[in-house]
>>> print(open('structure11.pdb').read())   # PDB, N, CA and C atoms
MODEL        1
ATOM      1  N   MET D   1      -2.669 -13.211  -0.395
ATOM      2  CA  MET D   1      -1.993 -14.190   0.428
ATOM      3  C   MET D   1      -1.366 -13.472   1.613
ATOM      4  N   THR D   2      -1.521 -14.027   2.793
ATOM      5  CA  THR D   2      -0.970 -13.399   3.985
ATOM      6  C   THR D   2       0.413 -13.945   4.281
ATOM      7  N   TYR D   3       1.106 -13.236   5.146
ATOM      8  CA  TYR D   3       2.455 -13.633   5.533
ATOM      9  C   TYR D   3       2.459 -15.048   6.113
ATOM     10  N   GLY D   4       1.483 -15.351   6.970
ATOM     11  CA  GLY D   4       1.434 -16.657   7.618
ATOM     12  C   GLY D   4       1.347 -17.823   6.650
ATOM     13  N   THR D   5       0.665 -17.641   5.540
ATOM     14  CA  THR D   5       0.549 -18.728   4.578
ATOM     15  C   THR D   5       1.810 -18.899   3.744
ATOM     16  N   LEU D   6       2.693 -17.907   3.746
ATOM     17  CA  LEU D   6       3.943 -18.011   3.003
ATOM     18  C   LEU D   6       4.947 -18.931   3.690
ATOM     19  N   ILE D   7       4.903 -18.993   5.002
ATOM     20  CA  ILE D   7       5.905 -19.715   5.768
ATOM     21  C   ILE D   7       5.396 -21.098   6.129
ATOM     22  N   SER D   8       6.065 -22.111   5.636
ATOM     23  CA  SER D   8       5.686 -23.465   6.025
ATOM     24  C   SER D   8       6.646 -23.989   7.086
ATOM     25  N   GLU D   9       7.934 -23.781   6.887
ATOM     26  CA  GLU D   9       8.909 -24.108   7.923
ATOM     27  C   GLU D   9      10.130 -23.222   7.745
ATOM     28  N   ARG D  10      10.785 -22.895   8.816
ATOM     29  CA  ARG D  10      11.928 -21.989   8.785
ATOM     30  C   ARG D  10      13.142 -22.717   8.235
ATOM     31  N   GLN D  11      13.947 -21.976   7.523
ATOM     32  CA  GLN D  11      15.204 -22.504   7.034
ATOM     33  C   GLN D  11      16.324 -21.793   7.783
ATOM     34  N   GLY D  12      17.555 -22.255   7.645
ATOM     35  CA  GLY D  12      18.675 -21.684   8.377
ATOM     36  C   GLY D  12      19.104 -20.319   7.909
ATOM     37  N   SER D  13      18.876 -19.956   6.665
ATOM     38  CA  SER D  13      19.344 -18.692   6.106
ATOM     39  C   SER D  13      18.460 -17.533   6.528
ATOM     40  N   ASP D  14      19.064 -16.339   6.567
ATOM     41  CA  ASP D  14      18.294 -15.142   6.868
ATOM     42  C   ASP D  14      17.597 -14.571   5.635
ATOM     43  N   MET D  15      17.950 -15.076   4.460
ATOM     44  CA  MET D  15      17.355 -14.564   3.224
ATOM     45  C   MET D  15      17.019 -15.735   2.314
ATOM     46  N   TYR D  16      15.730 -15.893   2.001
ATOM     47  CA  TYR D  16      15.344 -16.957   1.099
ATOM     48  C   TYR D  16      14.018 -16.631   0.441
ATOM     49  N   THR D  17      13.827 -17.163  -0.729
ATOM     50  CA  THR D  17      12.600 -16.950  -1.480
ATOM     51  C   THR D  17      11.575 -17.981  -1.036
ATOM     52  N   VAL D  18      10.409 -17.506  -0.606
ATOM     53  CA  VAL D  18       9.363 -18.406  -0.142
ATOM     54  C   VAL D  18       8.306 -18.616  -1.200
ATOM     55  N   LYS D  19       8.284 -17.736  -2.162
ATOM     56  CA  LYS D  19       7.356 -17.793  -3.265
ATOM     57  C   LYS D  19       8.071 -17.148  -4.429
ATOM     58  N   GLU D  20       7.620 -17.396  -5.606
ATOM     59  CA  GLU D  20       8.270 -16.855  -6.795
ATOM     60  C   GLU D  20       8.500 -15.349  -6.690
ATOM     61  N   ASP D  21       7.558 -14.629  -6.084
ATOM     62  CA  ASP D  21       7.641 -13.175  -6.056
ATOM     63  C   ASP D  21       7.843 -12.593  -4.656
ATOM     64  N   THR D  22       8.288 -13.407  -3.699
ATOM     65  CA  THR D  22       8.460 -12.930  -2.330
ATOM     66  C   THR D  22       9.735 -13.506  -1.712
ATOM     67  N   THR D  23      10.523 -12.629  -1.118
ATOM     68  CA  THR D  23      11.728 -13.057  -0.411
ATOM     69  C   THR D  23      11.660 -12.563   1.022
ATOM     70  N   LEU D  24      12.025 -13.417   1.963
ATOM     71  CA  LEU D  24      12.101 -13.042   3.371
ATOM     72  C   LEU D  24      13.538 -12.673   3.710
ATOM     73  N   VAL D  25      13.703 -11.589   4.452
ATOM     74  CA  VAL D  25      15.033 -11.112   4.824
ATOM     75  C   VAL D  25      15.005 -10.710   6.283
ATOM     76  N   GLY D  26      15.954 -11.213   7.040
ATOM     77  CA  GLY D  26      16.105 -10.791   8.420
ATOM     78  C   GLY D  26      16.769  -9.414   8.480
ATOM     79  N   VAL D  27      16.553  -8.717   9.571
ATOM     80  CA  VAL D  27      17.122  -7.373   9.730
ATOM     81  C   VAL D  27      18.643  -7.414   9.639
ATOM     82  N   SER D  28      19.274  -8.404  10.249
ATOM     83  CA  SER D  28      20.738  -8.489  10.190
ATOM     84  C   SER D  28      21.224  -8.713   8.766
ATOM     85  N   GLU D  29      20.506  -9.535   8.000
ATOM     86  CA  GLU D  29      20.852  -9.758   6.601
ATOM     87  C   GLU D  29      20.671  -8.474   5.790
ATOM     88  N   LEU D  30      19.631  -7.725   6.119
ATOM     89  CA  LEU D  30      19.393  -6.447   5.446
ATOM     90  C   LEU D  30      20.580  -5.505   5.662
ATOM     91  N   ARG D  31      21.063  -5.438   6.871
ATOM     92  CA  ARG D  31      22.226  -4.581   7.171
ATOM     93  C   ARG D  31      23.456  -5.012   6.383
ATOM     94  N   ASN D  32      23.677  -6.310   6.293
ATOM     95  CA  ASN D  32      24.895  -6.830   5.668
ATOM     96  C   ASN D  32      24.854  -6.829   4.139
ATOM     97  N   ARG D  33      23.652  -6.917   3.548
ATOM     98  CA  ARG D  33      23.564  -7.088   2.088
ATOM     99  C   ARG D  33      22.564  -6.125   1.465
ATOM    100  N   ILE D  34      22.551  -4.892   1.927
ATOM    101  CA  ILE D  34      21.540  -3.933   1.493
ATOM    102  C   ILE D  34      21.541  -3.732  -0.019
ATOM    103  N   ASP D  35      22.710  -3.657  -0.657
ATOM    104  CA  ASP D  35      22.749  -3.427  -2.102
ATOM    105  C   ASP D  35      22.093  -4.569  -2.880
ATOM    106  N   LYS D  36      22.406  -5.800  -2.512
ATOM    107  CA  LYS D  36      21.808  -6.958  -3.200
ATOM    108  C   LYS D  36      20.304  -7.008  -2.950
ATOM    109  N   ILE D  37      19.883  -6.708  -1.742
ATOM    110  CA  ILE D  37      18.462  -6.751  -1.399
ATOM    111  C   ILE D  37      17.696  -5.665  -2.156
ATOM    112  N   LEU D  38      18.273  -4.473  -2.258
ATOM    113  CA  LEU D  38      17.626  -3.415  -3.030
ATOM    114  C   LEU D  38      17.508  -3.805  -4.498
ATOM    115  N   GLN D  39      18.515  -4.477  -4.996
ATOM    116  CA  GLN D  39      18.479  -4.950  -6.385
ATOM    117  C   GLN D  39      17.364  -5.984  -6.565
ATOM    118  N   GLU D  40      17.244  -6.897  -5.620
ATOM    119  CA  GLU D  40      16.186  -7.915  -5.694
ATOM    120  C   GLU D  40      14.800  -7.297  -5.581
ATOM    121  N   ALA D  41      14.693  -6.207  -4.826
ATOM    122  CA  ALA D  41      13.393  -5.546  -4.653
ATOM    123  C   ALA D  41      12.865  -4.978  -5.964
ATOM    124  N   GLN D  42      13.729  -4.805  -6.944
ATOM    125  CA  GLN D  42      13.276  -4.335  -8.251
ATOM    126  C   GLN D  42      12.496  -5.415  -8.992
ATOM    127  N   HIS D  43      12.645  -6.664  -8.573
ATOM    128  CA  HIS D  43      12.014  -7.795  -9.267
ATOM    129  C   HIS D  43      10.860  -8.418  -8.491
ATOM    130  N   HIS D  44      10.896  -8.343  -7.180
ATOM    131  CA  HIS D  44       9.827  -8.906  -6.367
ATOM    132  C   HIS D  44       9.861  -8.290  -4.971
ATOM    133  N   LYS D  45       8.791  -8.521  -4.226
ATOM    134  CA  LYS D  45       8.705  -7.902  -2.899
ATOM    135  C   LYS D  45       9.594  -8.622  -1.895
ATOM    136  N   ILE D  46      10.054  -7.862  -0.923
ATOM    137  CA  ILE D  46      10.908  -8.363   0.150
ATOM    138  C   ILE D  46      10.171  -8.126   1.466
ATOM    139  N   ILE D  47       9.969  -9.179   2.222
ATOM    140  CA  ILE D  47       9.399  -9.041   3.565
ATOM    141  C   ILE D  47      10.561  -9.013   4.541
ATOM    142  N   ILE D  48      10.636  -7.950   5.326
ATOM    143  CA  ILE D  48      11.717  -7.797   6.303
ATOM    144  C   ILE D  48      11.203  -8.278   7.657
ATOM    145  N   GLU D  49      11.979  -9.164   8.256
ATOM    146  CA  GLU D  49      11.598  -9.756   9.545
ATOM    147  C   GLU D  49      12.560  -9.319  10.646
ATOM    148  N   LYS D  50      12.020  -9.238  11.842
ATOM    149  CA  LYS D  50      12.823  -9.039  13.038
ATOM    150  C   LYS D  50      12.359 -10.081  14.047
ATOM    151  N   ARG D  51      13.270 -10.930  14.435
ATOM    152  CA  ARG D  51      12.951 -12.044  15.350
ATOM    153  C   ARG D  51      11.825 -12.924  14.791
ATOM    154  N   ASN D  52      11.948 -13.232  13.500
ATOM    155  CA  ASN D  52      11.017 -14.113  12.787
ATOM    156  C   ASN D  52       9.594 -13.578  12.696
ATOM    157  N   LYS D  53       9.433 -12.258  12.841
ATOM    158  CA  LYS D  53       8.120 -11.633  12.688
ATOM    159  C   LYS D  53       8.231 -10.535  11.635
ATOM    160  N   PRO D  54       7.256 -10.438  10.727
ATOM    161  CA  PRO D  54       7.323  -9.409   9.693
ATOM    162  C   PRO D  54       7.181  -8.016  10.283
ATOM    163  N   VAL D  55       8.038  -7.090   9.821
ATOM    164  CA  VAL D  55       7.976  -5.714  10.308
ATOM    165  C   VAL D  55       7.817  -4.701   9.174
ATOM    166  N   ALA D  56       8.173  -5.096   7.936
ATOM    167  CA  ALA D  56       8.065  -4.167   6.814
ATOM    168  C   ALA D  56       8.099  -4.934   5.499
ATOM    169  N   VAL D  57       7.666  -4.237   4.439
ATOM    170  CA  VAL D  57       7.736  -4.792   3.095
ATOM    171  C   VAL D  57       8.473  -3.788   2.221
ATOM    172  N   LEU D  58       9.416  -4.282   1.452
ATOM    173  CA  LEU D  58      10.198  -3.456   0.544
ATOM    174  C   LEU D  58       9.796  -3.812  -0.883
ATOM    175  N   ILE D  59       9.380  -2.799  -1.649
ATOM    176  CA  ILE D  59       8.988  -3.024  -3.041
ATOM    177  C   ILE D  59       9.645  -1.971  -3.923
ATOM    178  N   ALA D  60       9.691  -2.241  -5.210
ATOM    179  CA  ALA D  60      10.254  -1.293  -6.167
ATOM    180  C   ALA D  60       9.393  -0.035  -6.212
ATOM    181  N   ILE D  61      10.016   1.105  -6.488
ATOM    182  CA  ILE D  61       9.293   2.373  -6.513
ATOM    183  C   ILE D  61       8.207   2.372  -7.589
ATOM    184  N   ASP D  62       8.438   1.720  -8.713
ATOM    185  CA  ASP D  62       7.410   1.644  -9.758
ATOM    186  C   ASP D  62       6.169   0.909  -9.261
ATOM    187  N   GLN D  63       6.386  -0.164  -8.533
ATOM    188  CA  GLN D  63       5.267  -0.922  -7.975
ATOM    189  C   GLN D  63       4.531  -0.078  -6.929
ATOM    190  N   TYR D  64       5.276   0.629  -6.104
ATOM    191  CA  TYR D  64       4.684   1.507  -5.094
ATOM    192  C   TYR D  64       3.830   2.594  -5.764
ATOM    193  N   ASN D  65       4.396   3.245  -6.794
ATOM    194  CA  ASN D  65       3.658   4.297  -7.497
ATOM    195  C   ASN D  65       2.387   3.754  -8.140
ATOM    196  N   ALA D  66       2.449   2.568  -8.715
ATOM    197  CA  ALA D  66       1.261   1.947  -9.306
ATOM    198  C   ALA D  66       0.202   1.677  -8.240
ATOM    199  N   MET D  67       0.634   1.222  -7.083
ATOM    200  CA  MET D  67      -0.301   0.974  -5.975
ATOM    201  C   MET D  67      -0.947   2.281  -5.514
ATOM    202  N   GLU D  68      -0.159   3.341  -5.407
ATOM    203  CA  GLU D  68      -0.682   4.646  -4.997
ATOM    204  C   GLU D  68      -1.719   5.158  -6.003
ATOM    205  N   MET D  69      -1.426   5.003  -7.299
ATOM    206  CA  MET D  69      -2.377   5.436  -8.319
ATOM    207  C   MET D  69      -3.673   4.648  -8.235
ATOM    208  N   LEU D  70      -3.567   3.344  -8.012
ATOM    209  CA  LEU D  70      -4.754   2.510  -7.880
ATOM    210  C   LEU D  70      -5.586   2.927  -6.667
ATOM    211  N   ILE D  71      -4.929   3.170  -5.557
ATOM    212  CA  ILE D  71      -5.639   3.612  -4.346
ATOM    213  C   ILE D  71      -6.331   4.948  -4.595
ATOM    214  N   ASP D  72      -5.643   5.881  -5.269
ATOM    215  CA  ASP D  72      -6.256   7.174  -5.591
ATOM    216  C   ASP D  72      -7.495   7.000  -6.458
ATOM    217  N   ARG D  73      -7.428   6.114  -7.442
ATOM    218  CA  ARG D  73      -8.589   5.873  -8.309
ATOM    219  C   ARG D  73      -9.758   5.281  -7.527
ATOM    220  N   ILE D  74      -9.444   4.332  -6.661
ATOM    221  CA  ILE D  74     -10.498   3.718  -5.847
ATOM    222  C   ILE D  74     -11.140   4.761  -4.942
ATOM    223  N   GLU D  75     -10.319   5.613  -4.317
ATOM    224  CA  GLU D  75     -10.853   6.673  -3.456
ATOM    225  C   GLU D  75     -11.741   7.624  -4.257
ATOM    226  N   ASP D  76     -11.299   8.001  -5.471
ATOM    227  CA  ASP D  76     -12.100   8.895  -6.312
ATOM    228  C   ASP D  76     -13.441   8.261  -6.663
ATOM    229  N   LEU D  77     -13.427   6.974  -7.014
ATOM    230  CA  LEU D  77     -14.676   6.283  -7.334
ATOM    231  C   LEU D  77     -15.621   6.252  -6.131
ATOM    232  N   GLU D  78     -15.069   5.983  -4.977
ATOM    233  CA  GLU D  78     -15.892   5.928  -3.765
ATOM    234  C   GLU D  78     -16.454   7.304  -3.411
ATOM    235  N   LEU D  79     -15.630   8.355  -3.529
ATOM    236  CA  LEU D  79     -16.125   9.707  -3.264
ATOM    237  C   LEU D  79     -17.218  10.100  -4.259
ATOM    238  N   GLY D  80     -17.045   9.695  -5.518
ATOM    239  CA  GLY D  80     -18.081   9.953  -6.515
ATOM    240  C   GLY D  80     -19.375   9.243  -6.186
ATOM    241  N   ARG D  81     -19.264   7.986  -5.741
ATOM    242  CA  ARG D  81     -20.456   7.222  -5.353
ATOM    243  C   ARG D  81     -21.169   7.885  -4.180
ATOM    244  N   ILE D  82     -20.400   8.331  -3.185
ATOM    245  CA  ILE D  82     -20.987   9.001  -2.013
ATOM    246  C   ILE D  82     -21.674  10.294  -2.435
ATOM    247  N   ALA D  83     -21.024  11.065  -3.315
ATOM    248  CA  ALA D  83     -21.614  12.324  -3.781
ATOM    249  C   ALA D  83     -22.934  12.075  -4.501
ATOM    250  N   LYS D  84     -22.985  11.046  -5.336
ATOM    251  CA  LYS D  84     -24.229  10.730  -6.050
ATOM    252  C   LYS D  84     -25.340  10.332  -5.084
ATOM    253  N   GLU D  85     -24.994   9.545  -4.071
ATOM    254  CA  GLU D  85     -25.996   9.152  -3.066
ATOM    255  C   GLU D  85     -26.535  10.368  -2.337
ATOM    256  N   ARG D  86     -25.644  11.267  -1.942
ATOM    257  CA  ARG D  86     -26.070  12.476  -1.223
ATOM    258  C   ARG D  86     -26.925  13.373  -2.118
ATOM    259  N   GLU D  87     -26.548  13.461  -3.396
ATOM    260  CA  GLU D  87     -27.323  14.290  -4.319
ATOM    261  C   GLU D  87     -28.732  13.731  -4.485
ATOM    262  N   LYS D  88     -28.867  12.434  -4.588
ATOM    263  CA  LYS D  88     -30.187  11.812  -4.726
ATOM    264  C   LYS D  88     -31.043  12.029  -3.480
ATOM    265  N   ALA D  89     -30.404  12.030  -2.311
ATOM    266  CA  ALA D  89     -31.136  12.134  -1.055
ATOM    267  C   ALA D  89     -31.436  13.583  -0.661
ATOM    268  N   SER D  90     -30.910  14.555  -1.397
ATOM    269  CA  SER D  90     -31.089  15.949  -1.008
ATOM    270  C   SER D  90     -32.121  16.647  -1.897
ATOM    271  N   SER D  91     -32.492  17.833  -1.437
ATOM    272  CA  SER D  91     -33.425  18.650  -2.228
ATOM    273  C   SER D  91     -32.738  19.976  -2.554
ATOM    274  N   GLY D  92     -33.388  20.794  -3.358
ATOM    275  CA  GLY D  92     -32.841  22.087  -3.743
ATOM    276  C   GLY D  92     -32.612  23.016  -2.564
ATOM    277  N   ASN D  93     -33.352  22.836  -1.484
ATOM    278  CA  ASN D  93     -33.208  23.681  -0.300
ATOM    279  C   ASN D  93     -31.938  23.368   0.496
ATOM    280  N   ASP D  94     -31.310  22.249   0.186
ATOM    281  CA  ASP D  94     -30.091  21.863   0.904
ATOM    282  C   ASP D  94     -28.861  22.607   0.407
ATOM    283  N   TYR D  95     -28.985  23.332  -0.685
ATOM    284  CA  TYR D  95     -27.838  23.995  -1.305
ATOM    285  C   TYR D  95     -28.030  25.503  -1.315
ATOM    286  N   ILE D  96     -26.889  26.214  -1.347
ATOM    287  CA  ILE D  96     -26.930  27.667  -1.505
ATOM    288  C   ILE D  96     -26.110  28.023  -2.741
ATOM    289  N   PRO D  97     -26.413  29.162  -3.374
ATOM    290  CA  PRO D  97     -25.619  29.576  -4.532
ATOM    291  C   PRO D  97     -24.154  29.797  -4.157
ATOM    292  N   ILE D  98     -23.258  29.544  -5.090
ATOM    293  CA  ILE D  98     -21.824  29.649  -4.837
ATOM    294  C   ILE D  98     -21.432  31.054  -4.388
ATOM    295  N   GLU D  99     -22.077  32.069  -4.944
ATOM    296  CA  GLU D  99     -21.762  33.449  -4.556
ATOM    297  C   GLU D  99     -22.058  33.686  -3.080
ATOM    298  N   LYS D 100     -23.152  33.147  -2.619
ATOM    299  CA  LYS D 100     -23.536  33.289  -1.208
ATOM    300  C   LYS D 100     -22.533  32.539  -0.315
ATOM    301  N   ALA D 101     -22.064  31.393  -0.761
ATOM    302  CA  ALA D 101     -21.064  30.622   0.005
ATOM    303  C   ALA D 101     -19.760  31.413   0.102
ATOM    304  N   TYR D 102     -19.349  32.030  -1.003
ATOM    305  CA  TYR D 102     -18.110  32.835  -0.982
ATOM    306  C   TYR D 102     -18.233  33.977   0.013
ATOM    307  N   LYS D 103     -19.391  34.645   0.049
ATOM    308  CA  LYS D 103     -19.589  35.764   0.982
ATOM    309  C   LYS D 103     -19.493  35.297   2.426
ATOM    310  N   LYS D 104     -19.981  34.082   2.701
ATOM    311  CA  LYS D 104     -19.952  33.564   4.074
ATOM    312  C   LYS D 104     -18.548  33.257   4.551
ATOM    313  N   ILE D 105     -17.658  32.880   3.636
ATOM    314  CA  ILE D 105     -16.307  32.503   4.075
ATOM    315  C   ILE D 105     -15.319  33.666   4.049
ATOM    316  N   ARG D 106     -15.707  34.792   3.489
ATOM    317  CA  ARG D 106     -14.814  35.952   3.431
ATOM    318  C   ARG D 106     -14.913  36.813   4.608
TER     319      ARG D 106
ENDMDL
END
>>> encode(input="structure11.pdb", output="structure tokens")
Amino acid sequence: MTYGTLISERQGSDMYTVKEDTTLVGVSELRNRIDKILQEAQHHKIIIEKRNKPVAVLIAIDQYNAMEMLIDRIEDLELGRIAKEREKASSGNDYIPIEKAYKKIR
């Protein structure tokens, strides 16, 4: 879901929940209520706005770490897929023994 689909109409408050797991916070509200906002970020994501435009997303560190691990796994899978494709497309003449490679870089 994109930011644009979250907002149907603006309300008067600088901080309000637009979806069960998303809260919008204006920069001024962030300055004034940082402790409460950080506490809320442990339960759901916070979209930080400046002049009614999204500028950042605040999430709990556990959620961030889980996202990083997922991205790392996806990257590893993709690199493995690329390596397999290259191996299939290559011949024995495309490679040199590891000892010869070490000599070239020393």
>>> select_by_dssp(input="structure11.pdb", residues="chain D", states="alpha helix (DSSP H)", output="compact mmCIF listing (two decimals) with N, CA and C atoms, in the frame of the given file")
# COMPACT_ATOMS: atom_id res chain seq x y z
N TYR D 3 1.11 -13.24 5.15
CA TYR D 3 2.46 -13.63 5.53
C TYR D 3 2.46 -15.05 6.11
N GLY D 4 1.48 -15.35 6.97
CA GLY D 4 1.43 -16.66 7.62
C GLY D 4 1.35 -17.82 6.65
N THR D 5 0.66 -17.64 5.54
CA THR D 5 0.55 -18.73 4.58
C THR D 5 1.81 -18.90 3.74
N LEU D 6 2.69 -17.91 3.75
CA LEU D 6 3.94 -18.01 3.00
C LEU D 6 4.95 -18.93 3.69
N VAL D 27 16.55 -8.72 9.57
CA VAL D 27 17.12 -7.37 9.73
C VAL D 27 18.64 -7.41 9.64
N SER D 28 19.27 -8.40 10.25
CA SER D 28 20.74 -8.49 10.19
C SER D 28 21.22 -8.71 8.77
N GLU D 29 20.51 -9.54 8.00
CA GLU D 29 20.85 -9.76 6.60
C GLU D 29 20.67 -8.47 5.79
N LEU D 30 19.63 -7.72 6.12
CA LEU D 30 19.39 -6.45 5.45
C LEU D 30 20.58 -5.50 5.66
N ARG D 31 21.06 -5.44 6.87
CA ARG D 31 22.23 -4.58 7.17
C ARG D 31 23.46 -5.01 6.38
N ASN D 32 23.68 -6.31 6.29
CA ASN D 32 24.90 -6.83 5.67
C ASN D 32 24.85 -6.83 4.14
N ILE D 34 22.55 -4.89 1.93
CA ILE D 34 21.54 -3.93 1.49
C ILE D 34 21.54 -3.73 -0.02
N ASP D 35 22.71 -3.66 -0.66
CA ASP D 35 22.75 -3.43 -2.10
C ASP D 35 22.09 -4.57 -2.88
N LYS D 36 22.41 -5.80 -2.51
CA LYS D 36 21.81 -6.96 -3.20
C LYS D 36 20.30 -7.01 -2.95
N ILE D 37 19.88 -6.71 -1.74
CA ILE D 37 18.46 -6.75 -1.40
C ILE D 37 17.70 -5.66 -2.16
N LEU D 38 18.27 -4.47 -2.26
CA LEU D 38 17.63 -3.42 -3.03
C LEU D 38 17.51 -3.80 -4.50
N GLN D 39 18.52 -4.48 -5.00
CA GLN D 39 18.48 -4.95 -6.38
C GLN D 39 17.36 -5.98 -6.56
N GLU D 40 17.24 -6.90 -5.62
CA GLU D 40 16.19 -7.92 -5.69
C GLU D 40 14.80 -7.30 -5.58
N ALA D 41 14.69 -6.21 -4.83
CA ALA D 41 13.39 -5.55 -4.65
C ALA D 41 12.86 -4.98 -5.96
N ILE D 61 10.02 1.10 -6.49
CA ILE D 61 9.29 2.37 -6.51
C ILE D 61 8.21 2.37 -7.59
N ASP D 62 8.44 1.72 -8.71
CA ASP D 62 7.41 1.64 -9.76
C ASP D 62 6.17 0.91 -9.26
N GLN D 63 6.39 -0.16 -8.53
CA GLN D 63 5.27 -0.92 -7.98
C GLN D 63 4.53 -0.08 -6.93
N TYR D 64 5.28 0.63 -6.10
CA TYR D 64 4.68 1.51 -5.09
C TYR D 64 3.83 2.59 -5.76
N ASN D 65 4.40 3.24 -6.79
CA ASN D 65 3.66 4.30 -7.50
C ASN D 65 2.39 3.75 -8.14
N ALA D 66 2.45 2.57 -8.72
CA ALA D 66 1.26 1.95 -9.31
C ALA D 66 0.20 1.68 -8.24
N MET D 67 0.63 1.22 -7.08
CA MET D 67 -0.30 0.97 -5.98
C MET D 67 -0.95 2.28 -5.51
N GLU D 68 -0.16 3.34 -5.41
CA GLU D 68 -0.68 4.65 -5.00
C GLU D 68 -1.72 5.16 -6.00
N MET D 69 -1.43 5.00 -7.30
CA MET D 69 -2.38 5.44 -8.32
C MET D 69 -3.67 4.65 -8.24
N LEU D 70 -3.57 3.34 -8.01
CA LEU D 70 -4.75 2.51 -7.88
C LEU D 70 -5.59 2.93 -6.67
N ILE D 71 -4.93 3.17 -5.56
CA ILE D 71 -5.64 3.61 -4.35
C ILE D 71 -6.33 4.95 -4.60
N ASP D 72 -5.64 5.88 -5.27
CA ASP D 72 -6.26 7.17 -5.59
C ASP D 72 -7.50 7.00 -6.46
N ARG D 73 -7.43 6.11 -7.44
CA ARG D 73 -8.59 5.87 -8.31
C ARG D 73 -9.76 5.28 -7.53
N ILE D 74 -9.44 4.33 -6.66
CA ILE D 74 -10.50 3.72 -5.85
C ILE D 74 -11.14 4.76 -4.94
N GLU D 75 -10.32 5.61 -4.32
CA GLU D 75 -10.85 6.67 -3.46
C GLU D 75 -11.74 7.62 -4.26
N ASP D 76 -11.30 8.00 -5.47
CA ASP D 76 -12.10 8.90 -6.31
C ASP D 76 -13.44 8.26 -6.66
N LEU D 77 -13.43 6.97 -7.01
CA LEU D 77 -14.68 6.28 -7.33
C LEU D 77 -15.62 6.25 -6.13
N GLU D 78 -15.07 5.98 -4.98
CA GLU D 78 -15.89 5.93 -3.76
C GLU D 78 -16.45 7.30 -3.41
N LEU D 79 -15.63 8.36 -3.53
CA LEU D 79 -16.12 9.71 -3.26
C LEU D 79 -17.22 10.10 -4.26
N GLY D 80 -17.05 9.70 -5.52
CA GLY D 80 -18.08 9.95 -6.52
C GLY D 80 -19.38 9.24 -6.19
N ARG D 81 -19.26 7.99 -5.74
CA ARG D 81 -20.46 7.22 -5.35
C ARG D 81 -21.17 7.88 -4.18
N ILE D 82 -20.40 8.33 -3.18
CA ILE D 82 -20.99 9.00 -2.01
C ILE D 82 -21.67 10.29 -2.44
N ALA D 83 -21.02 11.06 -3.32
CA ALA D 83 -21.61 12.32 -3.78
C ALA D 83 -22.93 12.08 -4.50
N LYS D 84 -22.98 11.05 -5.34
CA LYS D 84 -24.23 10.73 -6.05
C LYS D 84 -25.34 10.33 -5.08
N GLU D 85 -24.99 9.54 -4.07
CA GLU D 85 -26.00 9.15 -3.07
C GLU D 85 -26.54 10.37 -2.34
N ARG D 86 -25.64 11.27 -1.94
CA ARG D 86 -26.07 12.48 -1.22
C ARG D 86 -26.92 13.37 -2.12
N GLU D 87 -26.55 13.46 -3.40
CA GLU D 87 -27.32 14.29 -4.32
C GLU D 87 -28.73 13.73 -4.49
N LYS D 88 -28.87 12.43 -4.59
CA LYS D 88 -30.19 11.81 -4.73
C LYS D 88 -31.04 12.03 -3.48
N ALA D 89 -30.40 12.03 -2.31
CA ALA D 89 -31.14 12.13 -1.06
C ALA D 89 -31.44 13.58 -0.66
N ILE D 98 -23.26 29.54 -5.09
CA ILE D 98 -21.82 29.65 -4.84
C ILE D 98 -21.43 31.05 -4.39
N GLU D 99 -22.08 32.07 -4.94
CA GLU D 99 -21.76 33.45 -4.56
C GLU D 99 -22.06 33.69 -3.08
N LYS D 100 -23.15 33.15 -2.62
CA LYS D 100 -23.54 33.29 -1.21
C LYS D 100 -22.53 32.54 -0.32
N ALA D 101 -22.06 31.39 -0.76
CA ALA D 101 -21.06 30.62 0.00
C ALA D 101 -19.76 31.41 0.10
N TYR D 102 -19.35 32.03 -1.00
CA TYR D 102 -18.11 32.84 -0.98
C TYR D 102 -18.23 33.98 0.01
N LYS D 103 -19.39 34.65 0.05
CA LYS D 103 -19.59 35.76 0.98
C LYS D 103 -19.49 35.30 2.43
N LYS D 104 -19.98 34.08 2.70
CA LYS D 104 -19.95 33.56 4.07
C LYS D 104 -18.55 33.26 4.55
N ILE D 105 -17.66 32.88 3.64
CA ILE D 105 -16.31 32.50 4.08
C ILE D 105 -15.32 33.67 4.05
>>> atom_distance(input="structure11.pdb", atom1="CA of Lys84 (chain D)", atom2="CA of Arg106 (chain D)")
28.5 Å
>>> resolve_selection(input="structure11.pdb", expression="the PyMOL selection byres ((chain D and resi 49-55) around 6)", output="list in words")
Leu24, Val25, Gly26, Val27, Ile47, Ile48, Ala56 and Val57 of chain D
>>> atom_distance(input="structure11.pdb", atom1="CA of Asn32 (chain D)", atom2="CA of Ile46 (chain D)")
15.1 Å
>>> select_by_dssp(input="structure11.pdb", residues="chain D", states="strand (DSSP E or B)", output="list of chain:residue names")
D:Met15, D:Tyr16, D:Thr17, D:Val18, D:Lys19, D:Thr22, D:Thr23, D:Leu24, D:Val25, D:Gly26, D:Lys45, D:Ile46, D:Ile47, D:Ile48, D:Glu49, D:Lys50, D:Lys53, D:Pro54, D:Val55, D:Ala56, D:Val57, D:Leu58
>>> atom_distance(input="structure11.pdb", atom1="CA of Asp21 (chain D)", atom2="CA of Ala60 (chain D)")
12.2 Å
>>> decode(input="structure11.pdb", residues="region 75-79 of chain D", atoms="N, CA and C atoms", output="compact mmCIF listing (two decimals), in the first residue's frame")
# COMPACT_ATOMS: atom_id res chain seq x y z
N GLU D 75 19.00 -10.96 -1.78
CA GLU D 75 20.22 -10.66 -2.54
C GLU D 75 21.05 -11.93 -2.73
N ASP D 76 21.18 -12.75 -1.67
CA ASP D 76 21.94 -13.99 -1.78
C ASP D 76 21.32 -14.93 -2.80
N LEU D 77 19.99 -15.05 -2.78
CA LEU D 77 19.31 -15.91 -3.75
C LEU D 77 19.54 -15.42 -5.19
N GLU D 78 19.46 -14.13 -5.37
CA GLU D 78 19.66 -13.56 -6.70
C GLU D 78 21.11 -13.74 -7.17
N LEU D 79 22.08 -13.53 -6.28
CA LEU D 79 23.48 -13.75 -6.65
C LEU D 79 23.74 -15.22 -6.99
